[in-house]
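To keep things clear, I will list the structure first and then write my remarks on it.
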Amino acid sequence: MECVIYRSDGSPQAPDGVEGSVSALKRLRDAPEGTFGWIRLADPSAQEVEALAGELGLHPLAVEDAVQAHQRPKRERYGDVLSVALKTLWYVEETSQVESGEIMIFLGPNFVLTVCHGQADPAAEAVRRLDRDPAMLALGPVAVLHAVLDVTVDAYTAIAEEVRGDLTGLERRVFSPVREDVIEEVYSLKREVLGFRDAVQPLVPVVQDFAGPRSGWPEEALPYFRDVADHVHRADTEARSLDELLNSVLDAHLARVGTWQNDDMRTISAWAAIFALPTLIAGVYGMNFAHMPELEWTYGYPLAVAVMVSACTLLHRVFRRNGWL
């Protein structure tokens, strides 16, 4: 748990420990206008959240959302406290997977509470950005909301670039002359894209509301939220295009598989036609000639059976190796 009190001049004061955080929040009641506190929690227990709920006046449903961390991106208002849920995403290079977490943001008149679940914590980068921008920090708790939103959406943009790189690699493999079954990889990447869309798509109307004149934010903050809304819209468009491209890649791969099967059938049919001609001649004549070699040989019949069994076994192994059986 971290708690920082920002004075009206933008200078921070950070008390230590839970007791320091609670006492700092109590001091906020008598603090001058423009002073606010920012409490940051990472993977907290229910007891930690409930310890602050009384001081902050959080609704029981808001406490439940902060502890469970299974929320869609949304905004809720409980009295004078605004609750915002965001999905945090990060890209795992080794597995090409998009992992997700969650961050809850609670804005009160003179406090901000961020509760992060997962490895990606946008609050840390938000602190650095606000420290470099005292003018934005002077706007109060809404500045923290913007900073956390901005960091989260920037991560969406970076992840979209990573996923598009994976998709480009799949496209090259699908259209390469080498036969390779990539259906599993396509479905795996599509699952990651769907998770990406689940995080971005519900956030679009939320951020659009923040960027509108009816949001209640100071006039100076609206351009910043409009910028975030534009980035979220672009991330949503990118997620949609990635999903559509994956569908096209899957269709193209299935068409290639059908072409491969047709080529295999043509090859098998050609060999069948080659062997059908001597089989036809042998069938018509019945191979009942008066002078045939090995008719009187003792091992002629076992040899013929062995040759047939060996030939069938060889063909079976070849077909299995080629995936025809």
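The way I read the labels, and the way they are meant: chains A, B, ... in the order of the structure tokens, residue 1 as the first residue of every chain, and ligand 1 as the first ligand shown, with later ones counted on from there.
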
*If you count only C-alpha atoms, which residues fall within 9 Å of stretch 169-180 of chain A, apart from same-chain ones fewer than 5 positions away, as a ChimeraX atom specification?*
/A:164,185-186,249-250,252-253,256-257,260

Using N, CA, C and O atoms, can you export the residues from the last selection as a PDB file, in the first residue's frame?
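Result written to out25.pdb:
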ATOM      1  N   ARG A 164      -0.083  -7.871 -34.439  1.00  0.00           N
ATOM      2  CA  ARG A 164      -0.032  -7.750 -35.892  1.00  0.00           C
ATOM      3  C   ARG A 164       1.240  -8.387 -36.440  1.00  0.00           C
ATOM      4  O   ARG A 164       1.227  -8.983 -37.531  1.00  0.00           O
ATOM      5  N   GLU A 185      -2.273 -22.594 -34.476  1.00  0.00           N
ATOM      6  CA  GLU A 185      -1.712 -21.276 -34.200  1.00  0.00           C
ATOM      7  C   GLU A 185      -2.715 -20.164 -34.525  1.00  0.00           C
ATOM      8  O   GLU A 185      -2.791 -19.160 -33.807  1.00  0.00           O
ATOM      9  N   VAL A 186      -3.491 -20.347 -35.583  1.00  0.00           N
ATOM     10  CA  VAL A 186      -4.480 -19.332 -35.950  1.00  0.00           C
ATOM     11  C   VAL A 186      -5.542 -19.210 -34.865  1.00  0.00           C
ATOM     12  O   VAL A 186      -5.909 -18.106 -34.442  1.00  0.00           O
ATOM     13  N   VAL A 249      -7.211 -15.272 -42.888  1.00  0.00           N
ATOM     14  CA  VAL A 249      -6.077 -16.203 -42.874  1.00  0.00           C
ATOM     15  C   VAL A 249      -6.560 -17.635 -42.681  1.00  0.00           C
ATOM     16  O   VAL A 249      -6.070 -18.568 -43.331  1.00  0.00           O
ATOM     17  N   LEU A 250      -7.530 -17.816 -41.801  1.00  0.00           N
ATOM     18  CA  LEU A 250      -8.070 -19.154 -41.578  1.00  0.00           C
ATOM     19  C   LEU A 250      -8.738 -19.689 -42.842  1.00  0.00           C
ATOM     20  O   LEU A 250      -8.529 -20.850 -43.222  1.00  0.00           O
ATOM     21  N   ALA A 252      -8.076 -18.795 -45.904  1.00  0.00           N
ATOM     22  CA  ALA A 252      -7.032 -19.060 -46.895  1.00  0.00           C
ATOM     23  C   ALA A 252      -6.308 -20.368 -46.594  1.00  0.00           C
ATOM     24  O   ALA A 252      -5.999 -21.150 -47.506  1.00  0.00           O
ATOM     25  N   HIS A 253      -6.048 -20.615 -45.308  1.00  0.00           N
ATOM     26  CA  HIS A 253      -5.363 -21.861 -44.951  1.00  0.00           C
ATOM     27  C   HIS A 253      -6.233 -23.076 -45.261  1.00  0.00           C
ATOM     28  O   HIS A 253      -5.731 -24.086 -45.783  1.00  0.00           O
ATOM     29  N   ARG A 256      -6.001 -23.691 -48.865  1.00  0.00           N
ATOM     30  CA  ARG A 256      -4.739 -24.349 -49.202  1.00  0.00           C
ATOM     31  C   ARG A 256      -4.782 -25.827 -48.854  1.00  0.00           C
ATOM     32  O   ARG A 256      -4.279 -26.673 -49.612  1.00  0.00           O
ATOM     33  N   VAL A 257      -5.368 -26.154 -47.706  1.00  0.00           N
ATOM     34  CA  VAL A 257      -5.483 -27.568 -47.330  1.00  0.00           C
ATOM     35  C   VAL A 257      -6.319 -28.323 -48.358  1.00  0.00           C
ATOM     36  O   VAL A 257      -5.995 -29.456 -48.745  1.00  0.00           O
ATOM     37  N   TRP A 260      -4.140 -28.941 -51.289  1.00  0.00           N
ATOM     38  CA  TRP A 260      -3.214 -30.036 -51.031  1.00  0.00           C
ATOM     39  C   TRP A 260      -3.911 -31.394 -51.165  1.00  0.00           C
ATOM     40  O   TRP A 260      -3.352 -32.336 -51.741  1.00  0.00           O
TER      41      TRP A 260
END

*Using DSSP on the backbone coordinates, identify the residues of stretch 94-243 of chain A assigned to alpha helix (DSSP H); present them as a PyMOL selection string.*
chain A and resi 122-131+134-137+141-174+183-200+203-211+222-243

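Distances to A:Ala120 were evaluated for A:Glu48, A:Glu55, A:Glu102, A:Asp264 using only C-alpha atoms, and the minimum falls at A:Glu102.
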
Give me, as a JSON list (two decimals) with N, CA and C atoms, in the first residue's frame, the residues of stretch 23-272 of chain A that a backbone DSSP run labels strand (DSSP E or B).
[["chain", "number", "residue", "atom", "x", "y", "z"],
["A", 36, "PHE", "N", -5.27, 16.65, -2.43],
["A", 36, "PHE", "CA", -5.92, 15.35, -2.53],
["A", 36, "PHE", "C", -4.91, 14.24, -2.26],
["A", 37, "GLY", "N", -5.42, 13.07, -1.90],
["A", 37, "GLY", "CA", -4.57, 11.92, -1.63],
["A", 37, "GLY", "C", -4.76, 10.84, -2.67],
["A", 38, "TRP", "N", -3.68, 10.14, -2.97],
["A", 38, "TRP", "CA", -3.71, 9.03, -3.93],
["A", 38, "TRP", "C", -3.21, 7.78, -3.22],
["A", 39, "ILE", "N", -4.10, 6.80, -3.03],
["A", 39, "ILE", "CA", -3.75, 5.53, -2.40],
["A", 39, "ILE", "C", -3.64, 4.48, -3.49],
["A", 40, "ARG", "N", -2.54, 3.72, -3.48],
["A", 40, "ARG", "CA", -2.30, 2.70, -4.49],
["A", 40, "ARG", "C", -2.17, 1.34, -3.81],
["A", 41, "LEU", "N", -3.01, 0.40, -4.24],
["A", 41, "LEU", "CA", -2.99, -0.96, -3.73],
["A", 41, "LEU", "C", -2.68, -1.92, -4.87],
["A", 42, "ALA", "N", -1.90, -2.95, -4.60],
["A", 42, "ALA", "CA", -1.56, -3.97, -5.60],
["A", 42, "ALA", "C", -1.92, -5.33, -5.04],
["A", 74, "LYS", "N", -15.89, -0.50, -17.24],
["A", 74, "LYS", "CA", -17.16, 0.18, -16.99],
["A", 74, "LYS", "C", -16.91, 1.37, -16.08],
["A", 75, "ARG", "N", -17.98, 2.16, -15.87],
["A", 75, "ARG", "CA", -17.96, 3.26, -14.91],
["A", 75, "ARG", "C", -19.25, 3.19, -14.09],
["A", 76, "GLU", "N", -19.12, 3.42, -12.81],
["A", 76, "GLU", "CA", -20.26, 3.45, -11.90],
["A", 76, "GLU", "C", -20.09, 4.63, -10.96],
["A", 77, "ARG", "N", -21.19, 5.19, -10.52],
["A", 77, "ARG", "CA", -21.12, 6.28, -9.56],
["A", 77, "ARG", "C", -21.91, 5.89, -8.32],
["A", 78, "TYR", "N", -21.22, 5.95, -7.19],
["A", 78, "TYR", "CA", -21.84, 5.69, -5.89],
["A", 78, "TYR", "C", -21.77, 6.99, -5.08],
["A", 81, "VAL", "N", -18.65, 9.33, -5.26],
["A", 81, "VAL", "CA", -17.47, 8.52, -5.62],
["A", 81, "VAL", "C", -17.70, 7.90, -7.00],
["A", 82, "LEU", "N", -16.77, 8.14, -7.91],
["A", 82, "LEU", "CA", -16.83, 7.56, -9.25],
["A", 82, "LEU", "C", -15.93, 6.33, -9.29],
["A", 83, "SER", "N", -16.46, 5.21, -9.78],
["A", 83, "SER", "CA", -15.72, 3.96, -9.89],
["A", 83, "SER", "C", -15.51, 3.64, -11.37],
["A", 84, "VAL", "N", -14.27, 3.36, -11.75],
["A", 84, "VAL", "CA", -13.92, 3.04, -13.14],
["A", 84, "VAL", "C", -13.11, 1.75, -13.13],
["A", 85, "ALA", "N", -13.54, 0.78, -13.95],
["A", 85, "ALA", "CA", -12.84, -0.50, -14.08],
["A", 85, "ALA", "C", -12.16, -0.56, -15.44],
["A", 86, "LEU", "N", -10.89, -0.95, -15.46],
["A", 86, "LEU", "CA", -10.12, -1.09, -16.69],
["A", 86, "LEU", "C", -9.46, -2.45, -16.73],
["A", 87, "LYS", "N", -9.27, -2.96, -17.94],
["A", 87, "LYS", "CA", -8.48, -4.17, -18.13],
["A", 87, "LYS", "C", -7.05, -3.77, -18.48],
["A", 88, "THR", "N", -6.10, -4.31, -17.74],
["A", 88, "THR", "CA", -4.69, -4.11, -18.07],
["A", 88, "THR", "C", -4.21, -5.30, -18.87],
["A", 89, "LEU", "N", -3.41, -5.03, -19.88],
["A", 89, "LEU", "CA", -2.91, -6.08, -20.77],
["A", 89, "LEU", "C", -1.40, -5.99, -20.88],
["A", 90, "TRP", "N", -0.77, -7.15, -21.06],
["A", 90, "TRP", "CA", 0.66, -7.18, -21.35],
["A", 90, "TRP", "C", 0.95, -8.38, -22.24],
["A", 91, "TYR", "N", 1.97, -8.24, -23.05],
["A", 91, "TYR", "CA", 2.32, -9.24, -24.07],
["A", 91, "TYR", "C", 3.49, -10.09, -23.57],
["A", 92, "VAL", "N", 3.32, -11.41, -23.65],
["A", 92, "VAL", "CA", 4.37, -12.35, -23.25],
["A", 92, "VAL", "C", 5.11, -12.80, -24.50],
["A", 97, "GLN", "N", 1.43, -14.63, -26.14],
["A", 97, "GLN", "CA", 0.10, -14.54, -25.54],
["A", 97, "GLN", "C", -0.11, -13.15, -24.93],
["A", 98, "VAL", "N", -1.38, -12.76, -24.90],
["A", 98, "VAL", "CA", -1.76, -11.49, -24.29],
["A", 98, "VAL", "C", -2.41, -11.81, -22.95],
["A", 99, "GLU", "N", -1.72, -11.48, -21.87],
["A", 99, "GLU", "CA", -2.25, -11.72, -20.52],
["A", 99, "GLU", "C", -3.00, -10.47, -20.05],
["A", 100, "SER", "N", -3.94, -10.69, -19.16],
["A", 100, "SER", "CA", -4.78, -9.58, -18.72],
["A", 100, "SER", "C", -4.83, -9.50, -17.20],
["A", 101, "GLY", "N", -5.02, -8.30, -16.72],
["A", 101, "GLY", "CA", -5.26, -8.03, -15.31],
["A", 101, "GLY", "C", -6.37, -7.00, -15.20],
["A", 102, "GLU", "N", -6.41, -6.29, -14.10],
["A", 102, "GLU", "CA", -7.47, -5.30, -13.91],
["A", 102, "GLU", "C", -7.00, -4.23, -12.96],
["A", 103, "ILE", "N", -7.51, -3.03, -13.17],
["A", 103, "ILE", "CA", -7.26, -1.94, -12.23],
["A", 103, "ILE", "C", -8.58, -1.19, -12.01],
["A", 104, "MET", "N", -8.89, -0.98, -10.75],
["A", 104, "MET", "CA", -10.08, -0.22, -10.36],
["A", 104, "MET", "C", -9.62, 1.16, -9.89],
["A", 105, "ILE", "N", -10.33, 2.19, -10.33],
["A", 105, "ILE", "CA", -10.02, 3.56, -9.96],
["A", 105, "ILE", "C", -11.25, 4.15, -9.28],
["A", 106, "PHE", "N", -11.06, 4.64, -8.07],
["A", 106, "PHE", "CA", -12.14, 5.29, -7.32],
["A", 106, "PHE", "C", -11.77, 6.76, -7.12],
["A", 107, "LEU", "N", -12.63, 7.64, -7.63],
["A", 107, "LEU", "CA", -12.39, 9.08, -7.51],
["A", 107, "LEU", "C", -13.41, 9.69, -6.57],
["A", 111, "PHE", "N", -9.73, 12.52, -3.08],
["A", 111, "PHE", "CA", -8.89, 11.32, -3.02],
["A", 111, "PHE", "C", -9.04, 10.51, -4.31],
["A", 112, "VAL", "N", -8.03, 9.68, -4.53],
["A", 112, "VAL", "CA", -8.06, 8.69, -5.61],
["A", 112, "VAL", "C", -7.55, 7.38, -5.03],
["A", 113, "LEU", "N", -8.27, 6.30, -5.28],
["A", 113, "LEU", "CA", -7.84, 4.97, -4.86],
["A", 113, "LEU", "C", -7.72, 4.11, -6.11],
["A", 114, "THR", "N", -6.52, 3.54, -6.33],
["A", 114, "THR", "CA", -6.32, 2.62, -7.45],
["A", 114, "THR", "C", -5.99, 1.25, -6.87],
["A", 115, "VAL", "N", -6.72, 0.25, -7.34],
["A", 115, "VAL", "CA", -6.53, -1.14, -6.89],
["A", 115, "VAL", "C", -6.17, -1.96, -8.12],
["A", 116, "CYS", "N", -4.95, -2.46, -8.15],
["A", 116, "CYS", "CA", -4.42, -3.17, -9.32],
["A", 116, "CYS", "C", -4.33, -4.66, -9.04],
["A", 117, "HIS", "N", -4.76, -5.46, -10.01],
["A", 117, "HIS", "CA", -4.62, -6.91, -9.97],
["A", 117, "HIS", "C", -3.88, -7.35, -11.23]]

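Pairwise distance (atom CA of A:Pro205, atom CA of A:Ala160) equals 19.7 Å.
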
*asked:* Using only C-alpha atoms, can you tell me which of A:Thr267, A:Gln208, A:Ser45, A:Asn110 comes closest to A:Met1?
replied: A:Ser45
